[in-house]
$ cat upload20.cif   # mmCIF, C-alpha atoms
data_structure
loop_
_atom_site.label_atom_id
_atom_site.label_comp_id
_atom_site.auth_asym_id
_atom_site.auth_seq_id
_atom_site.Cartn_x
_atom_site.Cartn_y
_atom_site.Cartn_z
CA MET H 1 -60.68 -72.28 -18.79
CA SER H 2 -58.94 -71.13 -15.55
CA PHE H 3 -59.54 -68.18 -13.32
CA SER H 4 -56.37 -68.87 -11.26
CA GLN H 5 -54.13 -66.46 -13.13
CA ALA H 6 -56.46 -63.55 -12.56
CA LEU H 7 -57.05 -64.53 -8.95
CA SER H 8 -53.29 -64.66 -8.33
CA GLY H 9 -53.01 -61.22 -9.86
CA LEU H 10 -55.76 -59.91 -7.59
CA ASN H 11 -54.08 -61.37 -4.52
CA ALA H 12 -50.67 -59.98 -5.54
CA GLN H 13 -52.02 -56.49 -6.16
CA GLN H 14 -53.95 -56.64 -2.89
CA SER H 15 -50.63 -57.32 -1.10
CA LYS H 16 -49.03 -54.48 -3.04
CA LEU H 17 -51.83 -52.11 -2.03
CA ALA H 18 -51.53 -53.25 1.62
CA VAL H 19 -47.80 -52.50 1.68
CA THR H 20 -48.33 -49.16 -0.08
CA GLY H 21 -51.08 -48.26 2.37
CA ASN H 22 -48.82 -49.15 5.30
CA ASN H 23 -46.04 -46.98 3.89
CA ILE H 24 -48.43 -44.04 3.47
CA ALA H 25 -49.88 -44.54 6.95
CA ASN H 26 -46.37 -44.34 8.45
CA SER H 27 -45.14 -41.44 6.37
CA GLN H 28 -44.93 -39.35 9.57
CA THR H 29 -43.54 -42.11 11.83
CA VAL H 30 -40.06 -41.16 13.06
CA GLY H 31 -37.41 -43.65 11.94
CA PHE H 32 -39.87 -45.68 9.82
CA LYS H 33 -38.49 -47.57 6.83
CA GLY H 34 -40.75 -48.24 3.87
CA SER H 35 -41.18 -51.62 2.20
CA ASN H 36 -41.51 -52.84 -1.37
CA VAL H 37 -43.28 -55.95 -2.71
CA GLN H 38 -41.49 -58.24 -5.13
CA PHE H 39 -43.47 -60.53 -7.44
CA ALA H 40 -42.53 -63.83 -9.09
CA ASP H 41 -44.25 -65.63 -11.96
CA VAL H 42 -45.70 -69.14 -11.46
CA TYR H 43 -45.35 -71.86 -14.12
CA ALA H 44 -46.36 -75.52 -14.41
CA GLN H 45 -45.24 -77.47 -17.48
CA GLN H 46 -44.67 -74.35 -19.56
CA VAL H 47 -48.09 -72.99 -18.69
CA GLY H 48 -48.28 -69.72 -16.79
CA LEU H 49 -50.35 -69.99 -13.65
CA GLY H 50 -50.13 -66.32 -12.68
CA THR H 51 -47.99 -64.54 -10.11
CA ARG H 52 -47.18 -64.62 -6.42
CA VAL H 53 -45.55 -62.37 -3.84
CA SER H 54 -41.98 -63.62 -3.53
CA ALA H 55 -40.77 -61.17 -0.87
CA THR H 56 -41.50 -57.95 0.94
CA LEU H 57 -38.21 -56.06 1.20
CA GLN H 58 -37.57 -53.22 3.63
CA ASP H 59 -35.89 -50.05 2.37
CA PHE H 60 -33.19 -48.93 4.85
CA THR H 61 -32.07 -45.85 2.96
CA GLN H 62 -31.43 -42.74 5.07
CA GLY H 63 -34.43 -40.59 5.92
CA ASN H 64 -34.20 -36.82 6.19
CA ILE H 65 -32.75 -35.47 9.44
CA GLU H 66 -34.71 -32.57 10.86
CA SER H 67 -33.95 -30.41 13.88
CA SER H 68 -36.39 -30.85 16.76
CA GLY H 69 -34.85 -28.46 19.31
CA ARG H 70 -35.18 -31.11 22.04
CA ASN H 71 -32.04 -32.33 23.81
CA LEU H 72 -33.19 -35.93 24.14
CA ASP H 73 -34.17 -36.39 20.49
CA LEU H 74 -31.55 -38.37 18.59
CA ALA H 75 -31.08 -39.15 14.92
CA ILE H 76 -28.62 -41.54 13.28
CA ALA H 77 -26.62 -40.04 10.42
CA GLY H 78 -25.57 -43.17 8.54
CA GLU H 79 -26.15 -46.85 9.11
CA GLY H 80 -26.93 -48.65 12.33
CA PHE H 81 -29.58 -48.93 15.03
CA PHE H 82 -30.12 -47.99 18.65
CA ARG H 83 -30.24 -50.96 21.02
CA PHE H 84 -33.19 -51.03 23.44
CA GLN H 85 -34.11 -53.28 26.33
CA LEU H 86 -37.86 -53.82 26.49
CA PRO H 87 -39.72 -53.92 29.84
CA ASN H 88 -39.94 -57.74 29.52
CA GLY H 89 -36.17 -58.00 29.09
CA ASP H 90 -36.15 -58.65 25.32
CA ILE H 91 -33.82 -56.71 23.02
CA GLY H 92 -35.06 -54.57 20.16
CA TYR H 93 -33.45 -52.28 17.59
CA SER H 94 -34.74 -48.95 16.38
CA ARG H 95 -33.94 -45.86 14.31
CA ASN H 96 -36.28 -43.76 16.45
CA GLY H 97 -34.24 -41.87 19.06
CA GLN H 98 -37.02 -39.88 20.74
CA LEU H 99 -36.10 -40.42 24.39
CA ASN H 100 -37.54 -39.40 27.73
CA LEU H 101 -35.85 -39.19 31.13
CA THR H 102 -37.82 -40.95 33.84
CA ALA H 103 -37.96 -39.86 37.48
CA ASP H 104 -35.45 -42.57 38.39
CA GLY H 105 -33.00 -41.48 35.66
CA ARG H 106 -33.71 -44.08 32.95
CA LEU H 107 -33.54 -43.05 29.26
CA VAL H 108 -36.56 -44.66 27.59
CA ASN H 109 -38.65 -44.34 24.44
CA SER H 110 -42.40 -43.74 24.47
CA GLN H 111 -43.06 -47.48 24.89
CA GLY H 112 -40.85 -47.70 27.99
CA ALA H 113 -37.95 -49.50 26.30
CA GLN H 114 -34.63 -48.36 27.79
CA ILE H 115 -31.75 -47.37 25.52
CA MET H 116 -28.51 -49.27 26.08
CA GLY H 117 -24.84 -48.37 25.97
CA PHE H 118 -21.48 -48.41 27.71
CA PRO H 119 -21.59 -47.26 31.35
CA ALA H 120 -19.27 -44.68 32.90
CA GLU H 121 -17.35 -44.84 36.16
CA GLU H 122 -16.41 -41.56 37.85
CA GLY H 123 -17.26 -39.70 34.65
CA GLU H 124 -15.13 -41.92 32.38
CA VAL H 125 -16.79 -44.17 29.80
CA GLN H 126 -15.67 -47.80 29.98
CA ALA H 127 -14.99 -48.25 26.26
CA GLY H 128 -15.54 -51.80 25.05
CA GLY H 129 -17.26 -52.84 28.26
CA ASP H 130 -20.57 -54.63 28.67
CA VAL H 131 -23.61 -53.02 27.10
CA GLU H 132 -26.31 -52.26 29.65
CA PRO H 133 -29.34 -49.96 30.07
CA LEU H 134 -28.19 -46.38 30.61
CA THR H 135 -29.22 -44.20 33.52
CA VAL H 136 -28.52 -40.57 34.46
CA PRO H 137 -27.82 -40.18 38.21
CA ALA H 138 -29.59 -37.23 39.80
CA GLY H 139 -27.10 -36.57 42.62
CA ASP H 140 -25.03 -33.42 43.07
CA LEU H 141 -21.44 -33.19 41.88
CA ALA H 142 -19.12 -32.97 44.89
CA ALA H 143 -16.65 -30.11 45.21
CA SER H 144 -13.06 -30.70 44.17
CA ALA H 145 -10.13 -28.87 45.73
CA THR H 146 -7.63 -27.22 43.40
CA ASN H 147 -4.50 -29.32 43.01
CA GLU H 148 -3.15 -27.88 39.76
CA LEU H 149 -2.59 -24.22 38.87
CA ASP H 150 -1.02 -23.09 35.61
CA VAL H 151 0.11 -19.47 35.31
CA SER H 152 1.68 -17.88 32.25
CA LEU H 153 2.65 -14.20 32.22
CA ASN H 154 5.17 -11.66 31.04
CA LEU H 155 7.24 -9.71 33.57
CA ASP H 156 8.48 -6.31 32.43
CA ALA H 157 12.24 -6.46 31.93
CA GLY H 158 12.37 -2.68 32.38
CA GLU H 159 11.32 -2.82 36.06
CA GLU H 160 13.89 -1.67 38.60
CA SER H 161 15.22 -4.06 41.21
CA LEU H 162 13.57 -3.64 44.63
CA ALA H 163 16.08 -5.74 46.63
CA ASP H 164 18.06 -4.01 49.39
CA GLU H 165 21.85 -4.10 49.78
CA ASN H 166 21.59 -7.54 51.41
CA ASP H 167 19.43 -8.93 48.54
CA ASN H 168 16.37 -9.03 50.80
CA PRO H 169 12.89 -8.18 49.49
CA PRO H 170 11.33 -4.85 50.58
CA PHE H 171 8.90 -6.52 53.00
CA ALA H 172 8.93 -8.82 56.01
CA VAL H 173 7.53 -12.34 55.50
CA TYR H 174 7.61 -15.77 57.01
CA ASP H 175 10.39 -17.64 55.25
CA ASN H 176 10.45 -21.03 56.96
CA PRO H 177 8.01 -23.82 57.84
CA ASN H 178 8.10 -22.98 61.57
CA ASN H 179 6.21 -19.73 60.96
CA GLU H 180 8.92 -17.61 62.63
CA PRO H 181 10.16 -14.35 61.09
CA PRO H 182 13.79 -14.57 59.95
CA THR H 183 16.35 -12.59 61.94
CA GLY H 184 16.10 -8.87 61.21
CA PHE H 185 12.54 -9.02 59.92
CA ASN H 186 9.71 -7.16 61.58
CA ALA H 187 7.06 -9.58 62.90
CA ALA H 188 4.35 -6.90 62.89
CA GLU H 189 4.98 -6.12 59.23
CA THR H 190 4.94 -9.83 58.49
CA ALA H 191 1.55 -10.32 60.14
CA GLU H 192 0.17 -7.29 58.33
CA ALA H 193 1.40 -8.62 54.97
CA VAL H 194 -0.29 -11.94 55.63
CA ALA H 195 -3.52 -10.31 56.78
CA SER H 196 -3.94 -7.53 54.24
CA GLY H 197 -1.36 -8.03 51.49
CA LEU H 198 1.64 -5.99 50.44
CA ASN H 199 1.80 -2.30 49.70
CA PRO H 200 2.28 -1.30 46.05
CA ASN H 201 5.84 -0.10 46.73
CA GLN H 202 6.79 -3.55 48.05
CA TYR H 203 6.44 -5.48 44.78
CA SER H 204 6.80 -4.98 41.04
CA TYR H 205 3.62 -6.64 39.77
CA SER H 206 0.70 -8.65 41.17
CA THR H 207 -2.13 -10.76 39.84
CA ASN H 208 -4.95 -12.89 41.25
CA ALA H 209 -6.22 -16.42 40.75
CA THR H 210 -9.25 -18.20 42.22
CA ILE H 211 -8.64 -21.59 43.80
CA TYR H 212 -11.04 -23.89 45.69
CA ASP H 213 -10.61 -25.67 49.02
CA SER H 214 -11.84 -29.17 49.89
CA GLN H 215 -15.38 -27.94 50.59
CA GLY H 216 -15.60 -25.97 47.36
CA ASN H 217 -15.09 -22.54 48.92
CA ALA H 218 -13.60 -20.09 46.45
CA ARG H 219 -10.37 -18.55 47.78
CA ASN H 220 -8.47 -15.64 46.30
CA MET H 221 -4.79 -16.26 45.68
CA THR H 222 -2.78 -13.06 45.16
CA MET H 223 0.70 -13.49 43.70
CA TYR H 224 3.28 -10.73 44.13
CA PHE H 225 6.19 -10.62 41.69
CA THR H 226 9.24 -8.67 42.86
CA LYS H 227 12.27 -7.97 40.71
CA MET H 228 15.38 -8.79 42.73
CA GLY H 229 18.03 -8.19 40.09
CA ASP H 230 18.86 -8.64 36.44
CA ASN H 231 16.82 -11.58 35.07
CA ASP H 232 15.96 -12.48 38.68
CA TRP H 233 12.43 -12.39 40.17
CA ARG H 234 10.75 -13.85 43.23
CA VAL H 235 7.06 -14.59 43.72
CA ASP H 236 5.23 -14.33 47.06
CA ALA H 237 1.57 -14.92 47.71
CA ARG H 238 -1.32 -14.86 50.13
CA ILE H 239 -4.67 -16.63 50.14
CA SER H 240 -7.71 -14.78 51.43
CA GLY H 241 -11.49 -14.77 51.19
CA GLY H 242 -13.70 -17.81 51.53
CA PRO H 243 -16.21 -18.52 54.32
CA ASP H 244 -16.52 -16.34 57.42
CA GLY H 245 -13.69 -16.94 59.85
CA ALA H 246 -11.37 -18.46 57.28
CA PRO H 247 -7.75 -17.51 58.01
CA ASN H 248 -5.52 -15.71 55.54
CA TYR H 249 -2.59 -17.78 54.37
CA GLY H 250 0.73 -16.12 53.59
CA PHE H 251 3.99 -17.57 52.37
CA ALA H 252 7.29 -16.39 50.94
CA ASN H 253 9.08 -17.28 47.75
CA ILE H 254 6.54 -19.94 46.84
CA ALA H 255 8.72 -21.44 44.13
CA GLY H 256 11.45 -22.21 46.66
CA GLU H 257 13.82 -20.27 44.43
CA ASN H 258 13.70 -17.12 42.32
CA PHE H 259 12.67 -17.06 38.69
CA LYS H 260 15.75 -17.01 36.47
CA PHE H 261 15.42 -15.79 32.90
CA THR H 262 17.80 -16.18 29.98
CA THR H 263 19.18 -13.19 28.12
CA ASN H 264 16.44 -13.88 25.55
CA GLY H 265 13.73 -13.39 28.18
CA GLN H 266 12.81 -17.07 28.51
CA LEU H 267 12.33 -18.87 31.82
CA VAL H 268 15.32 -21.16 32.34
CA ASP H 269 14.64 -24.81 31.52
CA ALA H 270 15.66 -25.90 35.00
CA PHE H 271 12.61 -24.24 36.58
CA GLU H 272 10.13 -27.06 37.20
CA PRO H 273 6.53 -27.10 38.55
CA PHE H 274 6.46 -27.26 42.35
CA ASP H 275 4.07 -28.38 45.10
CA LEU H 276 2.66 -26.02 47.71
CA VAL H 277 1.03 -27.29 50.90
CA ILE H 278 -1.78 -25.16 52.34
CA SER H 279 -2.43 -26.04 55.99
CA THR H 280 -2.41 -24.91 59.61
CA ASP H 281 0.10 -26.02 62.22
CA ALA H 282 -0.59 -27.26 65.73
CA THR H 283 -1.09 -23.68 66.97
CA ASN H 284 -3.61 -23.01 64.19
CA VAL H 285 -1.36 -20.50 62.41
CA ALA H 286 -2.34 -20.34 58.76
CA THR H 287 0.61 -20.96 56.48
CA VAL H 288 1.42 -22.04 53.01
CA SER H 289 4.90 -23.28 52.19
CA SER H 290 6.76 -25.54 49.84
CA VAL H 291 7.77 -27.68 52.84
CA GLU H 292 5.20 -29.86 54.66
CA ASN H 293 4.97 -28.98 58.33
CA GLY H 294 3.22 -32.14 59.52
CA SER H 295 -0.22 -30.55 59.66
CA THR H 296 -3.22 -32.51 58.42
CA ASN H 297 -6.10 -30.04 58.72
CA ASN H 298 -7.09 -26.41 58.55
CA GLU H 299 -9.36 -25.46 61.45
CA PHE H 300 -11.60 -22.42 61.79
CA ASN H 301 -15.13 -21.83 63.08
CA ASP H 302 -15.37 -25.52 64.02
CA THR H 303 -14.99 -26.42 60.34
CA ILE H 304 -12.31 -28.79 59.17
CA LEU H 305 -10.79 -28.48 55.72
CA ALA H 306 -8.44 -31.06 54.33
CA LYS H 307 -4.81 -30.08 53.87
CA GLN H 308 -4.37 -28.98 50.29
CA THR H 309 -1.44 -29.45 47.93
CA VAL H 310 -1.35 -27.38 44.75
CA LYS H 311 1.08 -28.01 41.93
CA ILE H 312 1.92 -24.66 40.36
CA ASP H 313 3.41 -24.45 36.88
CA PHE H 314 4.75 -21.19 35.46
CA ALA H 315 5.62 -22.68 32.05
CA GLY H 316 5.51 -20.07 29.29
CA THR H 317 6.39 -17.16 31.60
CA THR H 318 8.69 -14.62 29.93
CA GLN H 319 10.63 -11.45 30.73
CA PHE H 320 10.35 -9.04 27.82
CA ALA H 321 10.53 -5.25 27.72
CA ASN H 322 6.75 -4.97 27.61
CA GLN H 323 4.22 -4.18 30.28
CA SER H 324 3.79 -6.95 32.85
CA THR H 325 0.62 -8.87 32.03
CA VAL H 326 -1.01 -12.24 32.59
CA ASN H 327 -1.44 -14.36 29.47
CA ASP H 328 -3.27 -17.34 30.95
CA ILE H 329 -4.37 -18.77 34.31
CA ASN H 330 -5.99 -22.18 34.65
CA GLN H 331 -6.86 -24.28 37.69
CA ASN H 332 -8.73 -27.56 38.06
CA GLY H 333 -10.81 -27.01 41.22
CA TYR H 334 -14.51 -26.28 41.44
CA THR H 335 -17.34 -25.88 43.90
CA SER H 336 -20.20 -28.37 44.20
CA GLY H 337 -22.96 -28.32 41.61
CA VAL H 338 -26.50 -29.59 41.01
CA LEU H 339 -27.60 -31.31 37.82
CA VAL H 340 -29.16 -28.76 35.48
CA GLY H 341 -29.39 -30.65 32.19
CA THR H 342 -28.45 -33.61 30.04
CA THR H 343 -26.99 -33.46 26.55
CA ILE H 344 -25.77 -36.12 24.11
CA GLU H 345 -22.66 -35.76 21.94
CA GLU H 346 -22.12 -36.97 18.35
CA ASP H 347 -20.19 -39.97 19.64
CA GLY H 348 -23.16 -40.93 21.80
CA THR H 349 -21.71 -39.77 25.12
CA VAL H 350 -24.47 -38.80 27.55
CA MET H 351 -23.21 -35.71 29.39
CA MET H 352 -24.53 -34.53 32.75
CA ASN H 353 -24.22 -30.74 33.04
CA TYR H 354 -24.00 -29.13 36.47
CA SER H 355 -24.61 -25.64 37.84
CA ASN H 356 -20.86 -25.19 38.50
CA GLU H 357 -20.19 -25.40 34.75
CA GLN H 358 -18.75 -28.89 35.06
CA SER H 359 -19.85 -31.84 32.92
CA ARG H 360 -19.50 -35.57 33.51
CA ALA H 361 -20.27 -38.56 31.30
CA ALA H 362 -23.08 -40.84 32.42
CA GLY H 363 -22.29 -43.35 29.68
CA GLN H 364 -22.11 -43.74 25.91
CA ILE H 365 -25.00 -44.88 23.73
CA ALA H 366 -24.13 -48.03 21.81
CA MET H 367 -24.86 -48.54 18.12
CA VAL H 368 -25.63 -51.84 16.42
CA SER H 369 -25.10 -52.86 12.81
CA PHE H 370 -26.12 -56.01 10.91
CA ARG H 371 -24.61 -57.77 7.94
CA ASN H 372 -28.08 -57.93 6.33
CA PRO H 373 -30.43 -55.34 7.86
CA GLU H 374 -33.15 -56.29 5.34
CA GLY H 375 -33.40 -59.57 7.21
CA LEU H 376 -34.55 -57.88 10.43
CA ASN H 377 -38.06 -58.71 11.55
CA PRO H 378 -40.38 -55.71 12.18
CA SER H 379 -41.92 -56.17 15.61
CA GLY H 380 -43.93 -52.93 15.92
CA ASP H 381 -43.45 -49.87 18.11
CA ASN H 382 -40.63 -48.69 15.82
CA LEU H 383 -38.58 -51.77 16.72
CA TRP H 384 -36.96 -54.63 14.83
CA SER H 385 -35.69 -57.95 16.13
CA ALA H 386 -32.72 -59.94 14.87
CA THR H 387 -33.21 -63.10 12.81
CA ALA H 388 -30.99 -65.75 11.29
CA SER H 389 -31.31 -63.87 8.00
CA SER H 390 -30.09 -60.57 9.45
CA GLY H 391 -27.15 -62.18 11.20
CA PRO H 392 -25.97 -61.42 14.74
CA GLU H 393 -25.72 -57.87 16.06
CA LEU H 394 -22.39 -56.05 15.78
CA VAL H 395 -22.15 -53.67 18.75
CA GLY H 396 -19.82 -50.68 18.94
CA ALA H 397 -19.52 -46.97 19.50
CA PRO H 398 -21.14 -44.50 17.09
CA GLY H 399 -18.90 -43.57 14.19
CA THR H 400 -16.97 -46.86 14.23
CA GLY H 401 -17.15 -49.54 11.57
CA GLN H 402 -20.35 -49.24 9.56
CA ARG H 403 -22.11 -47.43 12.39
CA GLY H 404 -23.15 -43.83 11.81
CA LEU H 405 -22.89 -40.82 14.07
CA ILE H 406 -25.54 -39.54 16.43
CA GLN H 407 -27.06 -36.11 15.86
CA ALA H 408 -28.67 -34.69 18.97
CA SER H 409 -31.75 -32.43 19.02
CA ALA H 410 -32.85 -33.98 15.73
CA ILE H 411 -35.03 -36.79 14.39
CA GLU H 412 -34.83 -38.97 11.30
CA THR H 413 -38.09 -38.73 9.39
CA SER H 414 -39.70 -41.64 7.57
CA ASN H 415 -38.00 -42.46 4.27
CA VAL H 416 -41.38 -42.93 2.56
CA ASP H 417 -41.63 -40.95 -0.71
CA MET H 418 -45.27 -39.92 -0.81
CA ALA H 419 -45.26 -39.05 -4.52
CA ARG H 420 -43.85 -42.45 -5.42
CA GLU H 421 -46.29 -44.24 -3.12
CA LEU H 422 -49.26 -42.49 -4.68
CA VAL H 423 -48.07 -43.44 -8.16
CA ASP H 424 -47.54 -47.05 -7.03
CA MET H 425 -51.05 -47.05 -5.57
CA ILE H 426 -52.55 -45.92 -8.89
CA VAL H 427 -50.58 -48.55 -10.79
CA ALA H 428 -51.63 -51.28 -8.35
CA GLN H 429 -55.23 -50.12 -8.59
CA ARG H 430 -55.17 -50.32 -12.40
CA ALA H 431 -53.55 -53.77 -12.25
CA TYR H 432 -56.23 -54.91 -9.82
CA GLN H 433 -58.95 -53.61 -12.14
CA ALA H 434 -57.31 -55.30 -15.12
CA ASN H 435 -57.19 -58.63 -13.33
CA SER H 436 -60.84 -58.17 -12.37
CA GLN H 437 -61.64 -57.49 -16.02
CA THR H 438 -59.89 -60.74 -16.96
CA ILE H 439 -62.24 -62.63 -14.66
CA SER H 440 -65.25 -60.82 -16.16
CA THR H 441 -64.13 -61.65 -19.67
CA GLN H 442 -63.56 -65.30 -18.87
CA ASP H 443 -66.96 -65.39 -17.18
CA GLU H 444 -68.62 -64.11 -20.37
CA LEU H 445 -66.82 -66.70 -22.47
CA LEU H 446 -67.84 -69.45 -20.07
CA GLN H 447 -71.46 -68.26 -20.22
CA THR H 448 -71.33 -68.35 -24.03
CA ILE H 449 -70.11 -71.93 -23.98
CA ILE H 450 -72.84 -72.94 -21.56
CA ASN H 451 -75.50 -71.36 -23.80
CA ILE H 452 -74.37 -73.29 -26.90
#

$ encode --input "upload20.cif" --output "structure tokens"
Amino acid sequence: MSFSQALSGLNAQQSKLAVTGNNIANSQTVGFKGSNVQFADVYAQQVGLGTRVSATLQDFTQGNIESSGRNLDLAIAGEGFFRFQLPNGDIGYSRNGQLNLTADGRLVNSQGAQIMGFPAEEGEVQAGGDVEPLTVPAGDLAASATNELDVSLNLDAGEESLADENDNPPFAVYDNPNNEPPTGFNAAETAEAVASGLNPNQYSYSTNATIYDSQGNARNMTMYFTKMGDNDWRVDARISGGPDGAPNYGFANIAGENFKFTTNGQLVDAFEPFDLVISTDATNVATVSSVENGSTNNEFNDTILAKQTVKIDFAGTTQFANQSTVNDINQNGYTSGVLVGTTIEEDGTVMMNYSNEQSRAAGQIAMVSFRNPEGLNPSGDNLWSATASSGPELVGAPGTGQRGLIQASAIETSNVDMARELVDMIVAQRAYQANSQTISTQDELLQTIINI
């Protein structure tokens, strides 16, 4: 008579209860994946010798994704793992994306392991580059001078021409790069127009745009549109505002030629974007023209601003018999900004958000997939390590290949089904009791034989 079958059953059910207990204990562990025990029967020469635990398989099915309201909480929607570098330099993989930002800008989990990804240079992610620990720089974002300005508007075709009998505009302006009034123009009126702008009876329509200089000072650019004839308009402008002591810049016919419209009210195709140079000449006279005058700096109040070139595009401008109105104005300059927050996009891009409403990428979180994730070795602290059974890591961007997307401000809960685990625990308990009863029964039989 053998007790081995019952003992094997006890050992197997003890392993089952241990795995079930571990699943229940981690039912609230973020990113935890439950496990299941597989049994195999044991035979020797057609005689059953009981059972054994053949494998403990991990269940990598998706857990529920719940909103956490925290910017640095990440969940994976789909397959894949985050890649972490441990403090000792080892690599681990996890489904737990609860991150913290350290004082030196490292993105780490609660155990100090740093999440890894593709770095960014000058705000651009280096796709396909080396994977390295990600950091978020804490420095300010430098100001950027405007070098592109897009303006789209409609000019009222019903406006009357304001040109005189010599086709001159109704105001005196500088009209050459030497800052000298053309013959017949009044220098005093010219200076007044530069300093304070035109009078309403000197133009047909005006609008404003904000541009930024090399130090991030906001400057007001006023554009004056004057109808010079049928389907013929000119645009003049001045730049004012900014820091104390900043000069006003005035210039004439900034496009270098008048707007020409077709009979259908469309800007002629030949009108191309043009460059304007904002600078001061050797005598420190503030000018803006479409011709460079050799100046390299603007000088005022002992402050030096870099010479500024702005490409202006009036694409989409029309001349219809409707009220003159601006449809769209866009420019690419901005003032300096301080870091006010960090967010993470679905594709894993870590965005640095600044007080000037600009955002820059600090890098992109990498995702890792495995041919056989069930072969990963649990190493504790919500981490797995690769094995020969799992195969090598396959690194890529979120949403590519078999890698899922990242959902920010959310966590993936444990995939443990408590109801199922409790049922499995009851079944394992009954099996354990049954195997114990087998031993008791065999003990009674053995005692009977001894007493014969």

$ residues_around --input "upload20.cif" --residues "Tyr203 (chain H)" --least-positions-apart "5" --cutoff "7 Å" --atoms "all atoms listed in the file" --output "list in words"
Tyr224, Phe225 and Thr226 of chain H

$ resolve_selection --input "upload20.cif" --expression "the PyMOL selection byres ((chain H and resi 134) around 7)" --output "PyMOL selection string"
chain H and resi 106-107+115-117+119+132-133+135-136+363

$ write_last_selection --input "upload20.cif" --atoms "C-alpha atoms" --output "mmCIF file, in the frame of the given file"
data_model
loop_
_atom_site.group_PDB
_atom_site.id
_atom_site.type_symbol
_atom_site.label_atom_id
_atom_site.label_comp_id
_atom_site.auth_asym_id
_atom_site.auth_seq_id
_atom_site.Cartn_x
_atom_site.Cartn_y
_atom_site.Cartn_z
ATOM 1 C CA ARG H 106 -33.710 -44.080 32.950
ATOM 2 C CA LEU H 107 -33.540 -43.050 29.260
ATOM 3 C CA ILE H 115 -31.750 -47.370 25.520
ATOM 4 C CA MET H 116 -28.510 -49.270 26.080
ATOM 5 C CA GLY H 117 -24.840 -48.370 25.970
ATOM 6 C CA PRO H 119 -21.590 -47.260 31.350
ATOM 7 C CA GLU H 132 -26.310 -52.260 29.650
ATOM 8 C CA PRO H 133 -29.340 -49.960 30.070
ATOM 9 C CA THR H 135 -29.220 -44.200 33.520
ATOM 10 C CA VAL H 136 -28.520 -40.570 34.460
ATOM 11 C CA GLY H 363 -22.290 -43.350 29.680
#

$ closest_residue --input "upload20.cif" --among "H:Gly242, H:Gly50, H:Gly333, H:Gly348" --to "Ala75 (chain H)" --atoms "only C-alpha atoms"
H:Gly348

$ resolve_selection --input "upload20.cif" --expression "the PyMOL selection byres ((chain H and resi 270) around 12)" --output "list in words"
Glu257, Asn258, Phe259, Lys260, Phe261, Thr262, Gln266, Leu267, Val268, Asp269, Phe271, Glu272, Pro273, Phe274, Phe314 and Ala315 of chain H

$ write_last_selection --input "upload20.cif" --atoms "C-alpha atoms" --output "compact mmCIF listing (two decimals), in the coordinates of the input"
# COMPACT_ATOMS: atom_id res chain seq x y z
CA GLU H 257 13.82 -20.27 44.43
CA ASN H 258 13.70 -17.12 42.32
CA PHE H 259 12.67 -17.06 38.69
CA LYS H 260 15.75 -17.01 36.47
CA PHE H 261 15.42 -15.79 32.90
CA THR H 262 17.80 -16.18 29.98
CA GLN H 266 12.81 -17.07 28.51
CA LEU H 267 12.33 -18.87 31.82
CA VAL H 268 15.32 -21.16 32.34
CA ASP H 269 14.64 -24.81 31.52
CA PHE H 271 12.61 -24.24 36.58
CA GLU H 272 10.13 -27.06 37.20
CA PRO H 273 6.53 -27.10 38.55
CA PHE H 274 6.46 -27.26 42.35
CA PHE H 314 4.75 -21.19 35.46
CA ALA H 315 5.62 -22.68 32.05

$ closest_residue --input "upload20.cif" --among "H:Ile411, H:Ala366, H:Leu276, H:Ile450" --to "Ile76 (chain H)" --atoms "all atoms listed in the file"
H:Ile411

$ atom_distance --input "upload20.cif" --atom1 "CA of Val416 (chain H)" --atom2 "CA of Ser385 (chain H)"
21.0 Å
